[in-house]
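S.K.: Before I ask anything, here is the structure I am working with.
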Amino acid sequence: MDFKEMMENFKKENGEIPKPLELLGQLDESLVVNHMTDMKFTYSKEAIPQKYKVLIALSAAIALGSQPCILNYTMRAKLAGASIQEIMEAFAIAKFSKAGTTLSSSLPALEWLVNNK
């Protein structure tokens, strides 16, 4: 499948093409084809139902702070059958996960403060 077919299929399945993919495609179509091939491979696995894969991806996008991906995966989650409550729970999981990383990343500073009261 070539670049244009991939983009048409993505738009049909997801409603729109994320702006970063669109712009990247204008610069180097092969990078988008590679990314889309990886996505297709990942989503072709069957151990985790599609709805849950999208909710996992949504939580990761939130924790990483990728605004285009957050919107994309929110829309995809709805299309995959996720309820608003499930999507909000994915947001809560991401918020908690991100808070955990800020706490653990602060370990050296916290140790220093405890030892230098």
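Residue numbering restarts at 1 for every chain of the structure tokens, chains are lettered A, B, ... in their displayed order, and ligands are numbered from 1 as they appear.
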Dump as a Markdown table the rows for residues of region 45-104 of chain A within 9 Å of region 15-30 of chain A: closest atom pair and distance in Å with one decimal, only C-alpha atoms counted, ordered by chain and rising residue number.
M.R.:
| residue | atom | partner | partner_atom | distance |
| --- | --- | --- | --- | --- |
| A:Pro68 | CA | A:Pro18 | CA | 6.5 |
| A:Cys69 | CA | A:Pro18 | CA | 7.7 |
| A:Leu71 | CA | A:Pro18 | CA | 9.0 |
| A:Asn72 | CA | A:Pro18 | CA | 7.0 |
| A:Met75 | CA | A:Gly15 | CA | 8.3 |
| A:Arg76 | CA | A:Gly15 | CA | 8.8 |
S.K.: Within region 25-76 of chain A, find each residue whose DSSP state, derived from the backbone, is alpha helix (DSSP H), and express the selection as a PyMOL selection string.
M.R.: chain A and resi 25-27+29-44+50-64+67-76
S.K.: State, in Å with one decimal place, the distance from CA of Leu79 (chain A) to CA of Lys51 (chain A).
M.R.: 8.6 Å
S.K.: Applying 12 Å and only C-alpha atoms, which residues near Met39 (chain A) remain after dropping the ones on its own chain fewer than 5 positions away? List them as a list in words.
M.R.: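 Contacts, in chain order: Met6, Phe10, Val32, Val33, Asn34, Ser44, Lys45, Lys53, Val54 and Ala57 of chain A.
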S.K.: Between region 30-75 of chain A and region 96-102 of chain A, at 12 Å or less, what are the per-residue closest atom pairs and their distances in Å? Count only C-alpha atoms, order by chain and rising residue number, and return it as JSON lines.
M.R.:
{"residue": "A:Ile56", "atom": "CA", "partner": "A:Ser97", "partner_atom": "CA", "distance": 11.9}
{"residue": "A:Ser59", "atom": "CA", "partner": "A:Ser97", "partner_atom": "CA", "distance": 8.8}
{"residue": "A:Ala60", "atom": "CA", "partner": "A:Ser97", "partner_atom": "CA", "distance": 9.1}
{"residue": "A:Ala61", "atom": "CA", "partner": "A:Lys98", "partner_atom": "CA", "distance": 10.8}
{"residue": "A:Ile62", "atom": "CA", "partner": "A:Lys98", "partner_atom": "CA", "distance": 8.6}
{"residue": "A:Ala63", "atom": "CA", "partner": "A:Lys98", "partner_atom": "CA", "distance": 5.3}
{"residue": "A:Leu64", "atom": "CA", "partner": "A:Lys98", "partner_atom": "CA", "distance": 8.1}
{"residue": "A:Gly65", "atom": "CA", "partner": "A:Lys98", "partner_atom": "CA", "distance": 9.7}
S.K.: Write the residues of the selection above to a file with all heavy atoms, as an mmCIF file, in the first residue's frame.
M.R.:
data_model
loop_
_atom_site.group_PDB
_atom_site.id
_atom_site.type_symbol
_atom_site.label_atom_id
_atom_site.label_comp_id
_atom_site.auth_asym_id
_atom_site.auth_seq_id
_atom_site.Cartn_x
_atom_site.Cartn_y
_atom_site.Cartn_z
ATOM 1 N N ILE A 56 -5.132 2.351 26.130
ATOM 2 C CA ILE A 56 -3.733 2.329 26.584
ATOM 3 C C ILE A 56 -2.938 3.407 25.849
ATOM 4 O O ILE A 56 -2.178 4.173 26.461
ATOM 5 C CB ILE A 56 -3.107 0.937 26.370
ATOM 6 C CG1 ILE A 56 -3.743 -0.089 27.319
ATOM 7 C CG2 ILE A 56 -1.583 0.981 26.547
ATOM 8 C CD1 ILE A 56 -3.433 -1.539 26.961
ATOM 9 N N SER A 59 -3.805 6.805 27.228
ATOM 10 C CA SER A 59 -3.124 7.081 28.499
ATOM 11 C C SER A 59 -1.663 7.445 28.282
ATOM 12 O O SER A 59 -1.143 8.367 28.913
ATOM 13 C CB SER A 59 -3.222 5.878 29.442
ATOM 14 O OG SER A 59 -4.497 5.796 30.002
ATOM 15 N N ALA A 60 -1.001 6.732 27.380
ATOM 16 C CA ALA A 60 0.401 7.037 27.083
ATOM 17 C C ALA A 60 0.525 8.432 26.476
ATOM 18 O O ALA A 60 1.417 9.205 26.859
ATOM 19 C CB ALA A 60 0.986 5.988 26.143
ATOM 20 N N ALA A 61 -0.350 8.766 25.551
ATOM 21 C CA ALA A 61 -0.300 10.092 24.916
ATOM 22 C C ALA A 61 -0.512 11.198 25.943
ATOM 23 O O ALA A 61 0.168 12.227 25.903
ATOM 24 C CB ALA A 61 -1.351 10.175 23.812
ATOM 25 N N ILE A 62 -1.434 10.972 26.873
ATOM 26 C CA ILE A 62 -1.685 11.971 27.919
ATOM 27 C C ILE A 62 -0.447 12.123 28.799
ATOM 28 O O ILE A 62 0.001 13.241 29.066
ATOM 29 C CB ILE A 62 -2.914 11.581 28.763
ATOM 30 C CG1 ILE A 62 -4.183 11.636 27.911
ATOM 31 C CG2 ILE A 62 -3.042 12.492 29.993
ATOM 32 C CD1 ILE A 62 -5.370 10.937 28.539
ATOM 33 N N ALA A 63 0.105 11.005 29.239
ATOM 34 C CA ALA A 63 1.280 11.052 30.114
ATOM 35 C C ALA A 63 2.474 11.698 29.420
ATOM 36 O O ALA A 63 3.266 12.383 30.061
ATOM 37 C CB ALA A 63 1.634 9.648 30.599
ATOM 38 N N LEU A 64 2.578 11.493 28.115
ATOM 39 C CA LEU A 64 3.686 12.083 27.358
ATOM 40 C C LEU A 64 3.401 13.518 26.924
ATOM 41 O O LEU A 64 4.299 14.216 26.467
ATOM 42 C CB LEU A 64 4.009 11.219 26.133
ATOM 43 C CG LEU A 64 4.571 9.836 26.465
ATOM 44 C CD1 LEU A 64 4.609 8.964 25.213
ATOM 45 C CD2 LEU A 64 5.951 9.951 27.082
ATOM 46 N N GLY A 65 2.152 13.943 27.024
ATOM 47 C CA GLY A 65 1.794 15.321 26.695
ATOM 48 C C GLY A 65 1.670 15.607 25.213
ATOM 49 O O GLY A 65 1.911 16.729 24.786
#
S.K.: In Å, with one decimal, what is the gap from CA of Phe41 (chain A) to CA of Ile87 (chain A)?
M.R.: 23.6 Å
